[in-house]
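Shown next: upload.txt, given as compact mmCIF, C-alpha atoms.
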# COMPACT_ATOMS: atom_id res chain seq x y z
CA MET A 158 175.57 74.78 57.32
CA PHE A 159 176.34 76.82 60.45
CA MET A 160 172.91 76.27 61.98
CA ARG A 161 173.04 72.49 61.38
CA TYR A 162 176.49 72.34 62.95
CA PHE A 163 175.39 74.51 65.84
CA SER A 164 172.21 72.52 66.42
CA ARG A 165 174.34 69.43 67.00
CA LEU A 166 176.45 71.36 69.50
CA LEU A 167 173.42 72.60 71.40
CA SER A 168 171.81 69.18 71.58
CA ALA A 169 174.92 68.05 73.44
CA MET A 170 174.44 70.74 76.09
CA ALA A 171 173.38 69.12 79.34
CA GLY A 172 171.46 70.70 82.21
CA PRO A 173 168.07 72.25 82.99
CA ARG A 174 165.93 73.78 80.25
CA PRO A 175 166.97 77.41 79.64
CA VAL A 176 164.60 80.38 79.69
CA VAL A 177 164.59 83.10 77.04
CA LEU A 178 163.31 86.43 78.33
CA SER A 179 162.63 89.06 75.70
CA GLY A 180 160.98 92.46 75.42
CA PRO A 181 161.74 96.11 74.65
CA SER A 182 164.24 98.12 76.67
CA GLY A 183 162.20 99.74 79.45
CA ALA A 184 159.64 96.92 79.70
CA GLY A 185 161.05 95.95 83.11
CA LYS A 186 162.98 92.76 82.28
CA SER A 187 166.01 93.72 84.37
CA THR A 188 163.91 94.54 87.45
CA LEU A 189 161.97 91.27 87.18
CA LEU A 190 165.19 89.32 86.65
CA LYS A 191 166.78 90.84 89.77
CA LYS A 192 163.75 89.86 91.87
CA LEU A 193 163.83 86.33 90.46
CA MET A 194 167.56 85.92 91.09
CA GLN A 195 167.24 87.23 94.65
CA GLU A 196 164.42 84.84 95.54
CA TYR A 197 165.83 81.81 93.68
CA ASP A 198 169.58 82.36 93.68
CA SER A 199 170.18 78.60 93.93
CA VAL A 200 167.88 77.84 90.97
CA PHE A 201 168.66 80.40 88.26
CA GLY A 202 171.85 81.54 86.63
CA PHE A 203 172.09 84.52 84.34
CA SER A 204 173.75 84.15 80.97
CA VAL A 205 176.13 87.11 80.71
CA SER A 206 175.95 88.55 77.20
CA HIS A 207 178.82 90.02 75.20
CA THR A 208 178.67 93.56 73.86
CA THR A 209 180.94 96.01 72.06
CA ARG A 210 179.36 99.06 73.73
CA ASN A 211 181.06 100.93 76.57
CA PRO A 212 180.02 100.13 80.17
CA ARG A 213 177.40 102.41 81.73
CA PRO A 214 178.05 103.85 85.22
CA GLY A 215 178.01 101.02 87.78
CA GLU A 216 178.21 98.19 85.24
CA GLN A 217 180.86 95.53 85.82
CA ASP A 218 182.68 93.49 83.20
CA GLY A 219 181.80 89.81 83.50
CA LYS A 220 178.73 90.54 85.63
CA ASP A 221 176.48 92.84 83.61
CA TYR A 222 178.13 92.13 80.26
CA HIS A 223 181.37 90.84 78.82
CA PHE A 224 182.64 94.10 77.32
CA VAL A 225 184.76 93.26 74.28
CA THR A 226 186.11 94.89 71.13
CA ARG A 227 184.24 94.60 67.85
CA GLU A 228 187.17 92.63 66.40
CA ALA A 229 187.14 90.09 69.25
CA MET A 230 183.37 89.63 69.07
CA GLN A 231 183.32 89.25 65.30
CA ALA A 232 186.07 86.64 65.55
CA GLY A 233 183.98 84.70 68.10
CA ILE A 234 180.90 84.86 65.86
CA ASP A 235 182.94 83.70 62.85
CA ASN A 236 184.26 80.77 64.92
CA GLY A 237 180.72 79.66 65.81
CA GLU A 238 181.08 80.53 69.50
CA PHE A 239 177.75 82.43 69.72
CA ILE A 240 174.17 81.16 69.95
CA GLU A 241 172.86 84.48 68.71
CA SER A 242 174.12 87.94 67.94
CA ALA A 243 172.63 91.22 66.81
CA GLU A 244 173.58 94.84 66.21
CA PHE A 245 171.80 97.78 67.82
CA SER A 246 172.70 101.48 67.72
CA GLY A 247 176.08 100.68 66.23
CA ASN A 248 176.96 98.15 68.95
CA MET A 249 177.05 94.36 68.78
CA TYR A 250 175.37 92.11 71.34
CA GLY A 251 175.39 88.33 71.63
CA THR A 252 175.09 85.20 73.74
CA SER A 253 178.00 82.76 73.72
CA LYS A 254 177.71 78.99 74.09
CA ALA A 255 180.24 79.19 76.93
CA ALA A 256 178.02 81.59 78.90
CA VAL A 257 175.06 79.19 78.72
CA GLN A 258 177.16 76.10 79.44
CA ALA A 259 178.74 77.74 82.49
CA VAL A 260 175.28 78.13 84.04
CA GLN A 261 173.94 74.71 83.01
CA ALA A 262 177.06 72.99 84.39
CA LYS A 263 175.97 74.18 87.85
CA ASN A 264 172.51 72.55 87.41
CA LEU A 265 170.95 76.01 87.23
CA ILE A 266 168.27 77.28 84.86
CA CYS A 267 170.07 79.57 82.43
CA ILE A 268 168.26 82.83 81.74
CA LEU A 269 168.94 84.52 78.41
CA ASP A 270 167.86 88.15 78.08
CA ILE A 271 167.78 88.77 74.32
CA ASP A 272 166.01 90.80 71.64
CA MET A 273 163.57 89.60 68.98
CA GLN A 274 166.34 89.03 66.44
CA GLY A 275 168.02 86.73 68.95
CA VAL A 276 164.75 84.92 69.65
CA LYS A 277 164.38 84.12 65.96
CA ASN A 278 167.98 82.87 65.80
CA ILE A 279 167.52 80.58 68.80
CA LYS A 280 164.33 79.13 67.30
CA ARG A 281 166.55 77.75 64.51
CA THR A 282 168.60 75.76 67.05
CA ASP A 283 167.91 72.77 69.32
CA LEU A 284 168.26 74.78 72.54
CA ASN A 285 164.52 74.31 73.30
CA PRO A 286 164.11 77.05 75.92
CA LEU A 287 160.92 78.37 77.49
CA TYR A 288 160.16 81.62 75.65
CA ILE A 289 158.74 84.44 77.80
CA SER A 290 157.86 87.92 76.52
CA ILE A 291 157.83 90.93 78.88
CA GLN A 292 155.95 93.85 77.37
CA PRO A 293 154.97 97.36 78.52
CA PRO A 294 151.26 98.25 78.75
CA SER A 295 151.68 100.68 75.84
CA ILE A 296 154.29 102.53 73.80
CA ASP A 297 153.43 105.75 75.71
CA VAL A 298 154.19 104.11 79.07
CA LEU A 299 157.44 102.79 77.61
CA GLU A 300 158.45 106.25 76.40
CA ASN A 301 157.82 107.73 79.86
CA ARG A 302 159.96 105.01 81.48
CA LEU A 303 162.83 105.56 79.04
CA ARG A 304 162.72 109.35 79.47
CA HIS A 305 162.73 108.91 83.25
CA ARG A 306 165.99 106.94 83.01
CA LYS A 307 167.76 109.94 81.43
CA THR A 308 170.37 107.63 79.89
CA GLU A 309 169.45 108.16 76.22
CA SER A 310 169.93 110.95 73.72
CA GLU A 311 166.73 111.98 71.93
CA GLU A 312 167.92 110.25 68.76
CA SER A 313 168.71 107.02 70.63
CA LEU A 314 165.39 107.16 72.49
CA GLN A 315 163.39 107.55 69.27
CA ARG A 316 165.29 104.64 67.74
CA ARG A 317 164.50 102.48 70.79
CA LEU A 318 160.81 103.41 70.53
CA GLN A 319 160.72 102.48 66.83
CA ILE A 320 162.29 99.10 67.60
CA ALA A 321 159.95 98.60 70.56
CA THR A 322 156.89 99.20 68.36
CA VAL A 323 158.05 96.45 65.98
CA ASP A 324 158.98 94.23 68.95
CA MET A 325 155.52 94.58 70.50
CA GLU A 326 153.87 93.59 67.22
CA LEU A 327 156.17 90.63 66.56
CA SER A 328 155.65 89.32 70.10
CA LYS A 329 151.96 88.82 69.27
CA GLU A 330 152.73 86.38 66.46
CA PRO A 331 151.25 82.92 67.24
CA GLY A 332 153.89 80.50 68.52
CA MET A 333 156.56 83.15 69.03
CA PHE A 334 156.37 82.98 72.86
CA ASP A 335 155.12 80.41 75.36
CA VAL A 336 154.15 83.11 77.87
CA GLN A 337 153.22 86.78 77.44
CA ILE A 338 153.44 89.11 80.45
CA VAL A 339 152.35 92.76 80.35
CA ASN A 340 154.31 94.63 83.02
CA ASP A 341 151.72 97.17 84.15
CA ASN A 342 152.20 96.41 87.85
CA LEU A 343 155.56 95.03 88.96
CA GLU A 344 154.25 92.65 91.65
CA ASP A 345 151.55 91.26 89.36
CA ALA A 346 154.06 90.78 86.54
CA TYR A 347 156.48 89.06 88.92
CA GLY A 348 153.72 86.75 90.13
CA GLN A 349 152.95 85.76 86.54
CA LEU A 350 156.65 85.18 85.84
CA LYS A 351 157.05 82.91 88.88
CA HIS A 352 153.92 80.96 87.95
CA ALA A 353 155.23 80.42 84.40
CA LEU A 354 158.53 79.09 85.78
CA LEU A 355 157.21 77.08 88.73
CA GLU A 356 157.45 73.69 87.02
CA GLU A 357 161.08 74.29 85.96
CA ILE A 358 161.94 75.68 89.42
CA ASN A 359 160.60 72.54 91.12
CA VAL A 360 162.58 70.26 88.78
CA VAL A 361 165.85 72.03 89.61
CA LYS A 362 165.08 72.02 93.34
CA LYS A 363 164.59 68.24 93.22
CA ILE A 364 167.86 67.76 91.31
CA ASN A 365 169.76 69.91 93.79
CA MET A 366 168.21 68.12 96.80
CA SER A 367 169.16 64.70 95.46
CA SER A 368 172.70 65.66 94.49
Turn this file's structure into structure tokens for me.
Amino acid sequence: MFMRYFSRLLSAMAGPRPVVLSGPSGAGKSTLLKKLMQEYDSVFGFSVSHTTRNPRPGEQDGKDYHFVTREAMQAGIDNGEFIESAEFSGNMYGTSKAAVQAVQAKNLICILDIDMQGVKNIKRTDLNPLYISIQPPSIDVLENRLRHRKTESEESLQRRLQIATVDMELSKEPGMFDVQIVNDNLEDAYGQLKHALLEEINVVKKINMSS
């Protein structure tokens, strides 16, 4: 019932085709996103997710995440205000319709940075995004990157690695993603990302030039 109702809502969303970017924590999504936003700031808009976790040092509410209470987020989910939501390490994460609509209303390509659970949820809707998977070269490389961050407890790190192993396997399923990028070299990965998005970028540029 909810998905049918929500599919009708999404089909009414106007604006450029969104992009779903997914991959394990430490695969380099955030770095690639920053490069993309810097080069094409008038083309892309980032969908700011909601989360119940506490802000990390340097994170800003409304920019990195909408930091909310569990009660407020659950109420939003119950009211059908979220495209997708998931729980990780005791914290809730999700993408609201309002966050996507705010970007699309500006004639920008909305980028959604979500996990595999979210990808599966969005595939049940009419959002019709371009699905791009960013993956590390191997689980060992990913572990080194996560340890280098020094932001995780050992327990949290092991949990992330377990989830990443499943994520890497699921990403290989036929039809799950339109584009697969292995981030072994940042510049090469960024080149592949730009190439995958070139058609959508050109469409938005034309719209913006004519408006």
Using all atoms listed in the file, which residues sit within 12 Å of Asn211 in chain A once same-chain residues fewer than 4 positions away are excluded, as a PDB file with C-alpha atoms, in the frame of the given file?
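The file below, out_17.pdb, is the result:
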ATOM      1  CA  HIS A 207     178.820  90.020  75.200  1.00  0.00           C
ATOM      2  CA  GLY A 215     178.010 101.020  87.780  1.00  0.00           C
ATOM      3  CA  GLU A 216     178.210  98.190  85.240  1.00  0.00           C
ATOM      4  CA  GLN A 217     180.860  95.530  85.820  1.00  0.00           C
ATOM      5  CA  ASP A 218     182.680  93.490  83.200  1.00  0.00           C
ATOM      6  CA  ASP A 221     176.480  92.840  83.610  1.00  0.00           C
ATOM      7  CA  TYR A 222     178.130  92.130  80.260  1.00  0.00           C
ATOM      8  CA  HIS A 223     181.370  90.840  78.820  1.00  0.00           C
ATOM      9  CA  PHE A 224     182.640  94.100  77.320  1.00  0.00           C
ATOM     10  CA  VAL A 225     184.760  93.260  74.280  1.00  0.00           C
ATOM     11  CA  THR A 226     186.110  94.890  71.130  1.00  0.00           C
ATOM     12  CA  ARG A 227     184.240  94.600  67.850  1.00  0.00           C
ATOM     13  CA  GLY A 247     176.080 100.680  66.230  1.00  0.00           C
ATOM     14  CA  ASN A 248     176.960  98.150  68.950  1.00  0.00           C
ATOM     15  CA  MET A 249     177.050  94.360  68.780  1.00  0.00           C
ATOM     16  CA  TYR A 250     175.370  92.110  71.340  1.00  0.00           C
TER      17      TYR A 250
END
Original post:
Looking at A:Asn236, A:Gln319, A:Ser313, A:Gln231, which one is nearest to Ile296 in chain A, with distances taken over all atoms listed in the file?
Top reply: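 When distances to Ile296 in chain A are compared using all atoms listed in the file, the smallest one comes from A:Gln319.
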Please report, as CSV, each residue of range 183-210 of chain A lying at most 12 Å from range 240-246 of chain A, together with the nearest pair of atoms and the separation in Å rounded to one decimal; use only C-alpha atoms, and order rows by chain and ascending residue number.
residue,atom,partner,partner_atom,distance
A:Ser204,CA,A:Ile240,CA,11.4
A:Ser206,CA,A:Ser242,CA,9.5
A:His207,CA,A:Ser242,CA,8.9
A:Thr208,CA,A:Glu244,CA,9.3
A:Thr209,CA,A:Glu244,CA,9.5
A:Arg210,CA,A:Ser246,CA,9.3
Could you save those same residues with C-alpha atoms as a JSON list (two decimals), in the coordinates of the input?
[["chain", "number", "residue", "atom", "x", "y", "z"],
["A", 204, "SER", "CA", 173.75, 84.15, 80.97],
["A", 206, "SER", "CA", 175.95, 88.55, 77.20],
["A", 207, "HIS", "CA", 178.82, 90.02, 75.20],
["A", 208, "THR", "CA", 178.67, 93.56, 73.86],
["A", 209, "THR", "CA", 180.94, 96.01, 72.06],
["A", 210, "ARG", "CA", 179.36, 99.06, 73.73]]
Subject >> Minimum-distance residue to Thr188 in chain A, chosen among A:Asn264, A:Asn342, A:Ser253, A:Ile320 (using all atoms listed in the file) >> reply: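 Smallest distance to Thr188 in chain A is found for A:Asn342.
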Original post:
Quick one: residues within 10 Å of Thr322 in chain A, only C-alpha atoms counted, chain neighbours fewer than 6 positions away excluded, as JSON, numbers by chain?
Top reply: {"A": [181, 295, 296, 299]}
Original post:
So which residues fall inside 9 Å of (160.4, 88.4, 91.5) if we count all atoms listed in the file? Mind giving them as a count of residues only?
Top reply: 17
**OP:** Pick out the residues sitting within 8 Å of Phe334 in chain A, and hand them over as JSON, numbers by chain; count only C-alpha atoms, and ignore anything fewer than 5 positions along from it in its own chain.
**Re:** {"A": [287, 288, 289, 290, 328]}
Original post:
Using all atoms listed in the file, can you list as a ChimeraX atom specification the residues within 12 Å of (158.2, 106.7, 75.8)?
Top reply: /A:181-184,293-307,309,311,313-322
Subject >> Surrounding residues of Val257 in chain A excluding itself and chain neighbours under 4 positions, 9 Å, all atoms listed in the file, as number ranges by chain >> reply: A: 170, 175, 202-205, 252-253, 261-262, 267-269
Would you place a box with edges along x, y and z of the file around all atoms of range 191-206 of chain A listed there, add 5 Å to each of its six sides, and report the centre and edge lengths in Å to one decimal, as lines of an AutoDock Vina configuration file?
center_x = 169.9
center_y = 84.3
center_z = 86.4
size_x = 22.4
size_y = 23.0
size_z = 28.3
Subject >> Atomic distance CA of Gln337 in chain A - CA of Asn365 in chain A, expressed in Å with one decimal >> reply: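 Distance between the two atoms: 28.7 Å.
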Original post:
Quick one: residues within 9 Å of Phe239 in chain A, all atoms listed in the file counted, chain neighbours fewer than 5 positions away excluded, as number ranges by chain?
Top reply: A: 233-234, 251-255
Original post:
Of the candidates A:Ile271, A:Val276, A:Val336, A:Leu265, which one gets nearest to Asn359 in chain A if we count only C-alpha atoms?
Top reply: A:Leu265
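Taking CA of Lys362 in chain A and CA of Val200 in chain A as the two end points, the separation is 6.9 Å.
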Subject >> Pick from A:Leu354, A:Gln258, A:Ala229, A:Thr308, whichever lies nearest to Leu178 in chain A using only C-alpha atoms >> reply: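 Among A:Leu354, A:Gln258, A:Ala229, A:Thr308, it is A:Leu354 that comes nearest to Leu178 in chain A.
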Subject >> Atom pair CA of Pro214 in chain A / CA of Ala256 in chain A: separation (Å) >> reply: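 These two atoms are separated by 23.1 Å.
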